[in-house]
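Structure below is run-v5.txt: compact mmCIF, C-alpha atoms.
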```
# COMPACT_ATOMS: atom_id res chain seq x y z
CA LEU M 1 134.27 143.58 110.55
CA SER M 2 133.73 147.35 110.22
CA LEU M 3 130.44 148.91 109.17
CA THR M 4 132.07 150.10 105.96
CA SER M 5 133.43 146.70 104.93
CA ALA M 6 130.06 145.12 105.68
CA PHE M 7 128.43 146.70 102.67
CA THR M 8 131.20 147.98 100.36
CA HIS M 9 134.25 146.41 98.83
CA HIS M 10 137.57 147.70 97.66
CA ASN M 11 138.50 147.99 93.95
CA ASN M 12 141.56 149.92 92.77
CA SER M 13 141.60 151.86 96.06
CA SER M 14 137.96 152.96 95.49
CA PHE M 15 134.73 151.94 97.24
CA TYR M 16 131.66 151.27 95.13
CA ILE M 17 128.18 149.78 95.55
CA GLU M 18 127.00 147.00 93.27
CA SER M 19 123.75 148.68 92.16
CA PRO M 20 121.39 151.56 93.05
CA HIS M 21 118.89 149.01 94.41
CA LEU M 22 121.50 147.54 96.73
CA HIS M 23 122.65 151.03 97.61
CA SER M 24 119.30 151.95 99.17
CA HIS M 25 119.15 148.73 101.18
CA PHE M 26 122.72 149.12 102.41
CA MET M 27 122.13 152.73 103.41
CA ALA M 28 118.99 151.76 105.30
CA LEU M 29 120.92 149.04 107.12
CA PHE M 30 123.76 151.44 107.86
CA LEU M 31 121.46 154.07 109.34
CA SER M 32 119.66 151.48 111.45
CA LEU M 33 122.91 150.15 112.87
CA LEU M 34 124.16 153.66 113.48
CA LEU M 35 121.05 154.49 115.51
CA ILE M 36 121.49 151.32 117.58
CA PHE M 37 125.05 152.28 118.46
CA MET M 38 124.14 155.88 119.22
CA VAL M 39 121.19 155.20 121.56
CA PRO M 40 122.26 154.09 125.08
CA ALA M 41 121.05 150.64 126.10
CA SER M 42 119.77 151.83 129.48
CA ASN M 43 119.80 154.73 131.91
CA ALA M 44 122.66 153.19 133.87
CA GLY M 45 125.12 155.96 134.66
CA SER M 46 122.74 158.76 133.69
CA TRP M 47 122.06 161.34 136.39
CA PRO M 48 118.64 162.41 137.61
CA PRO M 49 117.28 165.82 136.74
CA SER M 50 117.90 168.54 139.30
CA PRO M 51 115.36 168.58 142.17
CA GLY M 52 115.67 172.38 142.31
CA TYR M 53 115.86 172.49 146.12
CA TYR M 54 118.67 171.24 148.34
CA PRO M 55 117.61 170.51 151.93
CA SER M 56 121.11 169.63 153.15
CA SER M 57 122.25 173.21 152.57
CA HIS M 58 119.82 174.38 155.27
CA PHE M 59 121.37 172.31 158.06
CA ARG M 60 124.76 172.77 159.68
CA SER M 61 127.39 170.06 159.59
CA MET M 62 128.95 168.89 162.82
CA SER M 63 131.90 166.79 163.88
CA PHE M 64 131.35 163.23 165.03
CA TYR M 65 131.74 163.95 168.74
CA GLN M 66 129.33 166.89 168.61
CA GLY M 67 126.48 164.46 168.03
CA TYR M 68 127.59 160.84 168.39
CA ARG M 69 129.35 158.30 170.55
CA ASN M 70 130.61 154.79 169.92
CA LEU M 71 127.99 152.15 170.73
CA TRP M 72 129.86 148.90 170.11
CA GLY M 73 133.12 147.67 168.60
CA PRO M 74 135.24 150.62 169.82
CA GLN M 75 138.40 148.89 168.66
CA HIS M 76 136.94 148.93 165.12
CA GLN M 77 136.25 152.66 165.02
CA ARG M 78 138.60 155.51 164.20
CA VAL M 79 137.56 159.17 164.49
CA ASP M 80 139.44 162.22 163.26
CA ASN M 81 138.30 165.83 163.26
CA THR M 82 135.48 165.38 160.77
CA ALA M 83 135.11 161.69 159.88
CA ALA M 84 134.38 158.37 161.53
CA THR M 85 135.65 155.14 160.00
CA ILE M 86 134.21 151.82 161.15
CA TRP M 87 135.12 148.35 159.97
CA LEU M 88 134.18 144.69 160.16
CA ASP M 89 136.49 141.69 160.38
CA THR M 90 136.22 138.18 161.77
CA THR M 91 136.19 139.46 165.34
CA THR M 92 133.48 142.13 165.23
CA GLY M 93 131.93 145.06 163.44
CA SER M 94 131.21 148.47 164.91
CA GLY M 95 128.44 150.98 165.46
CA PHE M 96 127.76 154.48 166.78
CA LYS M 97 124.72 156.27 168.18
CA SER M 98 123.52 159.86 168.55
CA VAL M 99 123.79 161.46 171.97
CA ARG M 100 120.19 162.70 171.82
CA PRO M 101 116.92 161.07 170.76
CA PHE M 102 114.73 162.99 168.31
CA ARG M 103 111.03 163.09 167.59
CA SER M 104 111.56 164.58 164.12
CA GLY M 105 114.39 166.03 162.06
CA TYR M 106 116.85 165.90 159.19
CA PHE M 107 119.56 163.26 159.63
CA GLY M 108 122.34 162.94 157.09
CA ALA M 109 125.91 161.81 156.57
CA SER M 110 128.28 161.67 153.64
CA ILE M 111 129.40 158.06 153.26
CA LYS M 112 132.03 156.26 151.20
CA LEU M 113 131.75 152.51 150.77
CA GLN M 114 134.36 149.80 150.23
CA PRO M 115 134.93 148.58 146.66
CA GLY M 116 135.36 144.96 145.60
CA TYR M 117 133.76 141.91 147.18
CA THR M 118 131.52 143.00 150.06
CA ALA M 119 128.75 140.37 149.88
CA GLY M 120 126.96 139.74 153.17
CA VAL M 121 128.12 143.05 154.67
CA ILE M 122 125.69 145.81 155.68
CA THR M 123 126.83 149.41 156.00
CA ALA M 124 123.95 151.34 157.58
CA PHE M 125 122.70 154.78 158.61
CA TYR M 126 119.35 154.67 160.37
CA LEU M 127 116.92 155.77 163.08
CA SER M 128 115.74 153.41 165.80
CA ASN M 129 114.36 153.17 169.32
CA ASP M 130 115.19 149.49 169.78
CA GLU M 131 117.06 150.09 173.02
CA ALA M 132 114.12 151.99 174.49
CA HIS M 133 111.47 149.57 173.20
CA PRO M 134 113.10 146.14 172.76
CA GLY M 135 110.82 143.71 170.97
CA TYR M 136 108.42 146.48 169.97
CA HIS M 137 110.53 149.11 168.27
CA ASP M 138 110.38 151.55 165.35
CA GLU M 139 113.12 151.92 162.76
CA VAL M 140 113.86 153.87 159.56
CA ASP M 141 116.75 152.48 157.53
CA ILE M 142 119.23 153.38 154.86
CA GLU M 143 121.25 150.20 154.32
CA PHE M 144 123.90 149.47 151.72
CA LEU M 145 123.74 145.79 150.81
CA GLY M 146 127.17 144.42 150.00
CA THR M 147 127.79 142.91 146.61
CA THR M 148 129.95 140.58 144.56
CA LEU M 149 132.68 141.62 142.13
CA GLY M 150 131.40 143.57 139.17
CA LYS M 151 127.89 144.13 140.53
CA PRO M 152 126.56 147.40 141.98
CA TYR M 153 125.66 148.07 145.59
CA THR M 154 121.97 148.07 146.43
CA LEU M 155 120.66 150.87 148.64
CA GLN M 156 117.76 149.54 150.71
CA THR M 157 115.30 151.87 152.41
CA ASN M 158 113.00 150.39 155.02
CA VAL M 159 110.48 151.37 157.69
CA TYR M 160 109.50 149.29 160.72
CA ILE M 161 106.64 150.32 162.98
CA GLN M 162 105.74 149.18 166.51
CA GLY M 163 107.56 145.89 166.46
CA SER M 164 107.19 145.00 162.77
CA GLY M 165 110.96 144.49 162.70
CA ASP M 166 110.95 142.14 165.66
CA ALA M 167 109.38 138.67 166.05
CA LYS M 168 107.26 138.67 162.89
CA ILE M 169 109.14 140.76 160.34
CA ILE M 170 106.98 143.07 158.24
CA GLY M 171 109.41 145.12 156.20
CA ARG M 172 108.52 148.03 153.95
CA GLU M 173 111.53 147.82 151.66
CA MET M 174 112.23 149.84 148.57
CA LYS M 175 115.59 149.11 146.94
CA PHE M 176 117.63 151.13 144.49
CA HIS M 177 120.76 151.00 142.44
CA LEU M 178 122.62 154.29 142.27
CA TRP M 179 123.53 156.50 139.31
CA PHE M 180 127.15 156.66 140.53
CA ASP M 181 129.75 154.40 142.09
CA PRO M 182 129.41 154.90 145.88
CA THR M 183 132.93 153.55 146.44
CA GLU M 184 134.71 156.30 144.49
CA ASN M 185 133.66 159.39 146.45
CA PHE M 186 131.59 160.54 149.41
CA HIS M 187 127.88 161.06 148.73
CA HIS M 188 125.30 162.49 151.11
CA TYR M 189 122.51 160.19 152.29
CA ALA M 190 119.71 161.51 154.47
CA ILE M 191 116.43 160.71 156.20
CA LEU M 192 113.95 163.51 156.80
CA TRP M 193 111.38 162.44 159.38
CA SER M 194 108.45 164.62 160.35
CA PRO M 195 105.04 163.81 161.90
CA LYS M 196 103.61 163.80 158.35
CA GLU M 197 106.16 161.91 156.26
CA ILE M 198 109.54 160.25 155.86
CA ILE M 199 111.67 161.26 152.88
CA PHE M 200 114.85 159.47 151.83
CA LEU M 201 117.40 161.54 149.92
CA VAL M 202 120.65 160.89 148.05
CA ASP M 203 122.72 164.02 147.35
CA ASP M 204 119.50 166.02 147.97
CA VAL M 205 117.63 163.96 145.36
CA PRO M 206 114.45 162.51 146.94
CA ILE M 207 114.24 158.81 146.10
CA ARG M 208 111.31 157.79 148.32
CA ARG M 209 108.51 159.45 150.25
CA TYR M 210 106.66 157.46 152.92
CA PRO M 211 103.61 159.48 154.04
CA ARG M 212 101.75 159.06 157.31
CA LYS M 213 98.44 157.44 156.43
CA SER M 214 97.57 156.15 159.90
CA VAL M 215 99.05 155.95 163.38
CA ALA M 216 99.40 152.19 162.96
CA THR M 217 101.67 152.52 159.91
CA PHE M 218 103.92 155.41 160.94
CA PRO M 219 106.69 155.76 163.56
CA LEU M 220 105.92 158.50 166.05
CA ARG M 221 107.97 157.64 169.14
CA PRO M 222 111.39 159.31 169.62
CA MET M 223 114.35 157.64 167.91
CA TRP M 224 118.14 157.89 167.99
CA VAL M 225 120.43 158.07 164.95
CA TYR M 226 122.81 155.17 164.30
CA GLY M 227 125.55 154.07 161.96
CA SER M 228 126.95 150.55 161.79
CA ILE M 229 128.75 147.89 159.78
CA TRP M 230 127.98 144.22 160.41
CA ASP M 231 127.70 140.74 158.93
CA ALA M 232 124.24 139.96 157.54
CA SER M 233 125.26 137.02 155.38
CA SER M 234 121.95 135.24 155.97
CA TRP M 235 120.04 137.73 153.80
CA ALA M 236 121.98 140.79 152.62
CA THR M 237 123.22 139.77 149.17
CA GLU M 238 120.77 138.11 146.78
CA ASP M 239 118.75 136.74 149.70
CA GLY M 240 121.77 135.15 151.33
CA LYS M 241 123.15 133.41 148.24
CA TYR M 242 126.52 135.10 148.71
CA LYS M 243 128.14 135.30 152.16
CA ALA M 244 130.79 137.52 153.70
CA ASP M 245 134.22 136.30 152.61
CA TYR M 246 136.78 137.32 155.20
CA ARG M 247 139.66 136.87 152.79
CA TYR M 248 138.67 140.43 151.79
CA GLN M 249 138.64 141.85 155.33
CA PRO M 250 138.54 144.41 156.77
CA PHE M 251 135.29 145.77 155.34
CA VAL M 252 135.30 149.53 155.85
CA GLY M 253 132.75 152.34 155.83
CA THR M 254 133.64 156.01 156.30
CA TYR M 255 131.15 158.68 157.45
CA THR M 256 131.62 162.44 157.44
CA ASN M 257 129.63 165.70 157.07
CA PHE M 258 127.24 164.68 159.84
CA LYS M 259 123.93 166.55 160.09
CA ALA M 260 121.26 166.02 162.75
CA SER M 261 118.83 168.90 163.09
CA GLY M 262 115.28 168.97 164.32
CA CYS M 263 113.18 168.51 167.41
CA SER M 264 114.85 166.42 170.05
CA ALA M 265 112.79 164.40 172.48
CA TYR M 266 113.49 167.17 175.00
CA SER M 267 112.41 170.09 172.77
CA PRO M 268 109.30 172.07 173.71
CA ALA M 269 106.02 171.24 172.02
CA SER M 270 106.37 174.45 170.02
CA CYS M 271 109.37 173.04 168.12
CA ARG M 272 108.49 173.04 164.40
CA PRO M 273 109.44 169.99 162.31
CA VAL M 274 111.93 170.54 159.50
CA SER M 275 110.97 170.16 155.85
CA ALA M 276 112.48 168.74 152.65
CA SER M 277 110.93 171.56 150.62
CA PRO M 278 110.33 175.31 150.96
CA TYR M 279 106.63 174.59 151.56
CA GLY M 280 106.93 173.36 155.13
CA SER M 281 106.03 169.76 154.22
CA GLY M 282 105.83 167.52 151.19
CA LEU M 283 107.88 168.02 148.03
CA THR M 284 107.77 170.58 145.27
CA ARG M 285 106.48 169.56 141.86
CA ARG M 286 110.04 169.48 140.59
CA GLN M 287 111.19 167.30 143.50
CA TYR M 288 108.32 164.88 142.83
CA SER M 289 109.28 164.74 139.16
CA THR M 290 112.89 163.94 140.04
CA MET M 291 111.82 161.28 142.54
CA ARG M 292 109.59 159.61 139.95
CA TRP M 293 112.49 159.64 137.48
CA VAL M 294 114.74 157.87 139.98
CA GLN M 295 112.07 155.30 140.77
CA ARG M 296 111.47 154.60 137.08
CA ASN M 297 115.14 154.20 136.26
CA TYR M 298 116.89 152.96 139.40
CA MET M 299 114.38 151.30 141.73
CA VAL M 300 114.86 147.52 141.70
CA TYR M 301 112.33 146.46 144.36
CA ASN M 302 109.11 147.86 145.83
CA TYR M 303 107.40 145.89 148.58
CA CYS M 304 104.00 147.21 147.51
CA MET M 305 104.46 145.60 144.08
CA ASP M 306 105.61 142.22 145.40
CA ASN M 307 102.82 139.72 144.73
CA LYS M 308 104.35 137.25 147.20
CA ARG M 309 103.76 139.63 150.11
CA ASP M 310 100.64 139.62 152.29
CA HIS M 311 99.47 143.17 151.69
CA SER M 312 96.84 143.00 154.40
CA LEU M 313 99.85 143.60 156.67
CA THR M 314 100.90 146.74 154.77
CA PRO M 315 97.61 148.67 154.23
CA GLU M 316 99.51 151.85 153.38
CA CYS M 317 100.26 150.33 149.95
CA TRP M 318 96.63 150.76 148.92
CA GLY M 319 95.22 153.27 151.36
```
Take the structure in the file and write it out as structure tokens.
Amino acid sequence: LSLTSAFTHHNNSSFYIESPHLHSHFMALFLSLLLIFMVPASNAGSWPPSPGYYPSSHFRSMSFYQGYRNLWGPQHQRVDNTAATIWLDTTTGSGFKSVRPFRSGYFGASIKLQPGYTAGVITAFYLSNDEAHPGYHDEVDIEFLGTTLGKPYTLQTNVYIQGSGDAKIIGREMKFHLWFDPTENFHHYAILWSPKEIIFLVDDVPIRRYPRKSVATFPLRPMWVYGSIWDASSWATEDGKYKADYRYQPFVGTYTNFKASGCSAYSPASCRPVSASPYGSGLTRRQYSTMRWVQRNYMVYNYCMDNKRDHSLTPECWG
């Protein structure tokens, strides 16, 4: 039933309203319905305001072999001049690791994810020193949590400090949906880590800032940069409700436009940490405004707001 036929009827090829009184009511109803159809139901698909500053433009891109080597699953990794493709099937996944460890820096890659059913599969880009400090390591994560048909990917950011990702897991997760489909094109995802803060960025849009509030709640030991794809069916998709279904294999992630700039573990003490803003640290007012917009419209989980968590273990939430 069209809007017109809902409150008019046809007579000798002309439309007319029964009475002036009804006319005012019908017009009010028409305008109300029109407003409902014109106003979007949500911010899904709307893009964040410009942050005004683009950190990725200040760091050179490099080829895969300029900065990385295969770590595991070499038979499930393909590298051309600029891109690395890794995949997961029933036999194994794959991962790569930076040649150098860093004590601060900007670490980014443009990534394209697999469409369709990817539940249980993690495609990751992260910092870690797990191999140097097994059982007591630090880690900073960007993880794409696979999904079921028709549902969006979830981008999970996380920080582990001094073993909080080992025996007794104390995660610091913030999760987001994205304002675009990450399976259609490459988008640039980055971690900026300095002695003062960690900033997570998507296409130069800051989505999370994790400041250093104490030594106990901030990673300070050198870390390497990693990428990987693996089966995390026990928890990745809706807390493990949906598992990896290998009828859809192989599950593929492609990485390109690699950036890794900063102070390596071997740099002199005079090496200055990089920044996400022109100020040397922190974010500009405009960057903060954009970050808050993203968190209002696209953040789907914040560990600090989870009443089921023991927040005595995450004092940075209230400090």
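If you look at atom CA of Thr290 of chain M and atom CA of Pro49 of chain M, they are 5.8 Å away from each other.
Minimum atom-to-atom distance to Trp193 of chain M, evaluated using only C-alpha atoms, belongs to M:Val140 out of M:Met299, M:Ala109, M:Val140, M:Met291.
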Excluding Phe102 of chain M and any residue of its chain fewer than 3 positions from it, enumerate the residues within 12 Å of it, using all atoms listed in the file, and give them as number ranges by chain.
M: 67, 98-99, 105-107, 127-129, 192-195, 219-226, 260-268, 271, 273-274
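Distance-wise, atom CA of Ala216 of chain M and atom CA of Pro315 of chain M end up 9.6 Å apart.
Closest approach to Gly116 of chain M from the set M:Leu201, M:Ile207, M:Ile161, M:Val252 is made by M:Val252, with distances taken over only C-alpha atoms.
Comparing the minimum interatomic distances between Pro250 of chain M and each of M:Lys151, M:His58, M:His76, M:Lys175, counting all atoms listed in the file, we find that M:His76 sits nearest.
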Using all atoms listed in the file, the shortest atom-to-atom distance to Ser234 of chain M among M:Ile86, M:Leu113, M:Val121, M:Val79 belongs to M:Val121
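Counting all atoms listed in the file, Phe180 of chain M has the following residues at most 12 Å away, ignoring those fewer than 4 positions along the same chain: Asn43, Ala44, Gly45, Ser46, Trp47, Pro48, Lys112, Leu113, Pro152, Tyr153, Thr154, Leu155, Phe176, Glu184, Asn185, Phe186, His187, Val202, Asp203 and Tyr298 of chain M.
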Q) Which residues come within 10 Å of segment 133-135 of chain M, counting all atoms listed in the file, excluding same-chain residues fewer than 6 positions away, as an MDAnalysis selection string? A) chainID M and resid 162:167 221
Taking all listed atoms of segment 53-69 of chain M, build the axis-aligned box, pad each of the six sides by 8 Å, then write its centre and edge lengths in Å to one decimal as JSON.
```
{"center_x": 123.9, "center_y": 166.3, "center_z": 158.3, "size_x": 32.0, "size_y": 32.1, "size_z": 40.4}
```
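The space between atom CA of Arg172 of chain M and atom CA of Glu131 of chain M spans 21.0 Å.
For the residues M:Arg285, M:Arg292, M:Lys308, M:Lys97, ranking by smallest atom-to-atom distance to Gly52 of chain M using only C-alpha atoms places M:Arg285 first.
You can rank M:Ala83, M:Lys241, M:Arg208, M:Pro101 by their closest distance to Ala276 of chain M using only C-alpha atoms, and at the top of that list sits M:Arg208.
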Leaving out Thr147 of chain M and any residue of its chain fewer than 5 positions from it, which residues lie within 10 Å of it when counting only C-alpha atoms, given as a compact mmCIF listing (two decimals) with C-alpha atoms, in the coordinates of the input?
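Written file, result_7.txt:
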```txt
# COMPACT_ATOMS: atom_id res chain seq x y z
CA PRO M 115 134.93 148.58 146.66
CA GLY M 116 135.36 144.96 145.60
CA TYR M 117 133.76 141.91 147.18
CA THR M 118 131.52 143.00 150.06
CA ALA M 119 128.75 140.37 149.88
CA GLY M 120 126.96 139.74 153.17
CA VAL M 121 128.12 143.05 154.67
CA ILE M 122 125.69 145.81 155.68
CA PRO M 152 126.56 147.40 141.98
CA TYR M 153 125.66 148.07 145.59
CA THR M 154 121.97 148.07 146.43
CA ALA M 236 121.98 140.79 152.62
CA THR M 237 123.22 139.77 149.17
CA GLU M 238 120.77 138.11 146.78
CA TYR M 242 126.52 135.10 148.71
CA LYS M 243 128.14 135.30 152.16
CA ALA M 244 130.79 137.52 153.70
```
